[in-house]
Amino acid sequence: MGLRKIVTEGYESLYKKCRPVENFDKRLELLAQDLIDTLDNADGVGLAAPQVGVTRRVVVVIDEDDTSHIVLVNPKIVRSEGEQEFTEGCLSVPGVWGVTSRPAKVTVRAQNIKGEFFEITREGRTAVCLCHELDHLDGILFRKHVKRYVPEEELFGGKDKK
């Protein structure tokens, strides 16, 4: 397994609609593990394949309830409820933070790396993360949802964020 370079604004894979995964094979397993390793190394909460230059419908998010990684292949939001404001950032848009409005609760239907279908329902930060990462699969950056940009000093009180 390994670390992949996270691409930033301007890189073409970030603006493309990703293709569905059709082959549930060793290459998919390696991509999923690389996404996990890269996400952990970057200290993020979610990462989508196009953020590492791969235009396939694969995302990894960290579940805030138990801090485990959730790998979702060919994910689709099938239900959403309510609304919440959240301050988001993005590993592909470093140093930019903005207040967005996202569903308070989402249900996602996806496949695992073996091709088996499952559904998850999440609220709070994990719901926001799911929406954010699934947007990446359709070439949408979080800036599209920003209601107000937030300076880093406001977020971190002028202190180093690490």
# chains A, B, ... in the order shown; residues from 1 in each chain; ligands from 1
call {"tool": "residues_around", "arguments": {"residues": "Leu28 (chain A)", "least_positions_apart": "3", "cutoff": "10 Å", "atoms": "only C-alpha atoms", "output": "number ranges by chain"}}
result
A: 21-25, 31-34, 56, 58, 73, 113-114
call {"tool": "write_last_selection", "arguments": {"atoms": "all heavy atoms", "output": "mmCIF file, in the first residue's frame"}}
result
data_model
loop_
_atom_site.group_PDB
_atom_site.id
_atom_site.type_symbol
_atom_site.label_atom_id
_atom_site.label_comp_id
_atom_site.auth_asym_id
_atom_site.auth_seq_id
_atom_site.Cartn_x
_atom_site.Cartn_y
_atom_site.Cartn_z
ATOM 1 N N VAL A 21 -17.327 1.921 -10.682
ATOM 2 C CA VAL A 21 -16.426 0.779 -10.581
ATOM 3 C C VAL A 21 -17.194 -0.444 -11.059
ATOM 4 O O VAL A 21 -18.321 -0.690 -10.619
ATOM 5 C CB VAL A 21 -15.947 0.578 -9.125
ATOM 6 C CG1 VAL A 21 -15.189 -0.734 -8.972
ATOM 7 C CG2 VAL A 21 -15.099 1.762 -8.683
ATOM 8 N N GLU A 22 -16.594 -1.193 -11.958
ATOM 9 C CA GLU A 22 -17.216 -2.415 -12.473
ATOM 10 C C GLU A 22 -16.433 -3.658 -12.076
ATOM 11 O O GLU A 22 -16.998 -4.742 -11.986
ATOM 12 C CB GLU A 22 -17.352 -2.336 -13.989
ATOM 13 C CG GLU A 22 -18.295 -1.224 -14.426
ATOM 14 C CD GLU A 22 -18.363 -1.038 -15.923
ATOM 15 O OE1 GLU A 22 -17.598 -1.704 -16.666
ATOM 16 O OE2 GLU A 22 -19.162 -0.203 -16.368
ATOM 17 N N ASN A 23 -15.136 -3.503 -11.848
ATOM 18 C CA ASN A 23 -14.273 -4.631 -11.489
ATOM 19 C C ASN A 23 -13.891 -4.551 -10.016
ATOM 20 O O ASN A 23 -13.193 -3.627 -9.604
ATOM 21 C CB ASN A 23 -13.012 -4.655 -12.358
ATOM 22 C CG ASN A 23 -13.339 -4.853 -13.826
ATOM 23 O OD1 ASN A 23 -14.197 -5.652 -14.169
ATOM 24 N ND2 ASN A 23 -12.668 -4.105 -14.687
ATOM 25 N N PHE A 24 -14.344 -5.512 -9.267
ATOM 26 C CA PHE A 24 -14.045 -5.567 -7.837
ATOM 27 C C PHE A 24 -12.878 -6.542 -7.672
ATOM 28 O O PHE A 24 -13.054 -7.712 -7.379
ATOM 29 C CB PHE A 24 -15.295 -5.989 -7.062
ATOM 30 C CG PHE A 24 -16.369 -4.948 -7.150
ATOM 31 C CD1 PHE A 24 -17.210 -4.883 -8.254
ATOM 32 C CD2 PHE A 24 -16.496 -3.995 -6.160
ATOM 33 C CE1 PHE A 24 -18.179 -3.898 -8.358
ATOM 34 C CE2 PHE A 24 -17.465 -2.999 -6.251
ATOM 35 C CZ PHE A 24 -18.307 -2.957 -7.359
ATOM 36 N N ASP A 25 -11.682 -5.996 -7.888
ATOM 37 C CA ASP A 25 -10.487 -6.827 -7.980
ATOM 38 C C ASP A 25 -9.376 -6.280 -7.088
ATOM 39 O O ASP A 25 -9.596 -5.373 -6.266
ATOM 40 C CB ASP A 25 -10.024 -6.918 -9.440
ATOM 41 C CG ASP A 25 -9.786 -5.540 -10.081
ATOM 42 O OD1 ASP A 25 -9.748 -4.519 -9.357
ATOM 43 O OD2 ASP A 25 -9.637 -5.492 -11.317
ATOM 44 N N LEU A 31 -6.393 0.533 -4.388
ATOM 45 C CA LEU A 31 -6.840 1.928 -4.392
ATOM 46 C C LEU A 31 -7.476 2.282 -3.051
ATOM 47 O O LEU A 31 -7.155 3.325 -2.469
ATOM 48 C CB LEU A 31 -7.834 2.168 -5.532
ATOM 49 C CG LEU A 31 -8.514 3.541 -5.539
ATOM 50 C CD1 LEU A 31 -7.493 4.671 -5.669
ATOM 51 C CD2 LEU A 31 -9.555 3.614 -6.657
ATOM 52 N N ALA A 32 -8.350 1.417 -2.549
ATOM 53 C CA ALA A 32 -9.013 1.683 -1.264
ATOM 54 C C ALA A 32 -7.993 1.814 -0.139
ATOM 55 O O ALA A 32 -8.064 2.737 0.681
ATOM 56 C CB ALA A 32 -10.029 0.585 -0.957
ATOM 57 N N GLN A 33 -7.005 0.917 -0.098
ATOM 58 C CA GLN A 33 -5.988 0.993 0.956
ATOM 59 C C GLN A 33 -5.131 2.246 0.806
ATOM 60 O O GLN A 33 -4.794 2.901 1.794
ATOM 61 C CB GLN A 33 -5.115 -0.260 0.965
ATOM 62 C CG GLN A 33 -4.185 -0.318 2.162
ATOM 63 C CD GLN A 33 -4.914 -0.297 3.494
ATOM 64 O OE1 GLN A 33 -5.779 -1.135 3.737
ATOM 65 N NE2 GLN A 33 -4.591 0.653 4.362
ATOM 66 N N ASP A 34 -4.795 2.605 -0.430
ATOM 67 C CA ASP A 34 -4.026 3.833 -0.669
ATOM 68 C C ASP A 34 -4.821 5.060 -0.225
ATOM 69 O O ASP A 34 -4.243 6.008 0.340
ATOM 70 C CB ASP A 34 -3.643 3.965 -2.137
ATOM 71 C CG ASP A 34 -2.538 3.009 -2.563
ATOM 72 O OD1 ASP A 34 -1.994 2.283 -1.695
ATOM 73 O OD2 ASP A 34 -2.217 2.985 -3.772
ATOM 74 N N ARG A 56 -12.690 7.354 -10.560
ATOM 75 C CA ARG A 56 -13.565 6.223 -10.242
ATOM 76 C C ARG A 56 -14.402 6.595 -9.019
ATOM 77 O O ARG A 56 -13.986 7.380 -8.170
ATOM 78 C CB ARG A 56 -12.755 4.959 -9.931
ATOM 79 C CG ARG A 56 -12.067 4.389 -11.126
ATOM 80 C CD ARG A 56 -13.075 3.633 -11.974
ATOM 81 N NE ARG A 56 -12.423 2.900 -13.026
ATOM 82 C CZ ARG A 56 -12.596 3.150 -14.325
ATOM 83 N NH1 ARG A 56 -13.378 4.118 -14.704
ATOM 84 N NH2 ARG A 56 -11.991 2.439 -15.230
ATOM 85 N N VAL A 58 -15.128 6.017 -5.845
ATOM 86 C CA VAL A 58 -14.663 5.407 -4.599
ATOM 87 C C VAL A 58 -14.334 6.528 -3.617
ATOM 88 O O VAL A 58 -13.643 7.484 -3.974
ATOM 89 C CB VAL A 58 -13.402 4.539 -4.810
ATOM 90 C CG1 VAL A 58 -12.960 3.890 -3.496
ATOM 91 C CG2 VAL A 58 -13.627 3.497 -5.892
ATOM 92 N N VAL A 73 -17.967 2.256 -2.444
ATOM 93 C CA VAL A 73 -17.762 2.118 -3.877
ATOM 94 C C VAL A 73 -19.110 2.345 -4.559
ATOM 95 O O VAL A 73 -20.122 1.796 -4.126
ATOM 96 C CB VAL A 73 -17.208 0.719 -4.218
ATOM 97 C CG1 VAL A 73 -16.976 0.581 -5.713
ATOM 98 C CG2 VAL A 73 -15.914 0.447 -3.441
ATOM 99 N N ILE A 113 -15.670 -3.286 -1.147
ATOM 100 C CA ILE A 113 -14.646 -3.618 -2.150
ATOM 101 C C ILE A 113 -14.827 -5.008 -2.750
ATOM 102 O O ILE A 113 -14.167 -5.347 -3.729
ATOM 103 C CB ILE A 113 -13.207 -3.452 -1.601
ATOM 104 C CG1 ILE A 113 -12.971 -4.334 -0.383
ATOM 105 C CG2 ILE A 113 -12.917 -1.990 -1.302
ATOM 106 C CD1 ILE A 113 -11.537 -4.349 0.096
ATOM 107 N N LYS A 114 -15.768 -5.778 -2.197
ATOM 108 C CA LYS A 114 -16.089 -7.087 -2.783
ATOM 109 C C LYS A 114 -17.312 -7.013 -3.698
ATOM 110 O O LYS A 114 -17.719 -8.017 -4.273
ATOM 111 C CB LYS A 114 -16.329 -8.110 -1.679
ATOM 112 C CG LYS A 114 -15.084 -8.398 -0.859
ATOM 113 C CD LYS A 114 -15.371 -9.371 0.252
ATOM 114 C CE LYS A 114 -14.094 -9.596 1.052
ATOM 115 N NZ LYS A 114 -14.313 -10.475 2.188
#
call {"tool": "select_by_dssp", "arguments": {"residues": "region 28-135 of chain A", "states": "strand (DSSP E)", "output": "PyMOL selection string"}}
result
chain A and resi 46-48+58-62+69-81+84-90+93-102+105-111+117-123
call {"tool": "residues_around", "arguments": {"residues": "region 144-147 of chain A", "least_positions_apart": "3", "cutoff": "9 Å", "atoms": "only C-alpha atoms", "output": "list in words"}}
result
Thr87, Glu88, Trp97, Gly98, Val99, Thr100, Ser101, Arg102, Ile140 and Leu141 of chain A
call {"tool": "closest_residue", "arguments": {"among": "A:Ile70, A:Leu39, A:Ile6, A:Ala127", "to": "Phe86 (chain A)", "atoms": "only C-alpha atoms"}}
result
A:Ala127
call {"tool": "closest_residue", "arguments": {"among": "A:Ser92, A:Tyr15, A:Asn41, A:Ile62", "to": "Thr126 (chain A)", "atoms": "only C-alpha atoms"}}
result
A:Ile62
call {"tool": "select_by_dssp", "arguments": {"residues": "chain A", "states": "alpha helix (DSSP H)", "output": "PyMOL selection string"}}
result
chain A and resi 26-42+124-136+152-156
call {"tool": "atom_distance", "arguments": {"atom1": "CA of Val78 (chain A)", "atom2": "CA of Val106 (chain A)"}}
result
7.7 Å
call {"tool": "atom_distance", "arguments": {"atom1": "CA of Ala104 (chain A)", "atom2": "CA of Cys90 (chain A)"}}
result
19.2 Å
call {"tool": "residues_around", "arguments": {"residues": "Ser68 (chain A)", "least_positions_apart": "3", "cutoff": "12 Å", "atoms": "only C-alpha atoms", "output": "list in words"}}
result
Ile36, Asp40, Val45, Gly46, Val60, Val61, Ile62, Asp63, Glu64, Asp65, Val71 and Thr126 of chain A
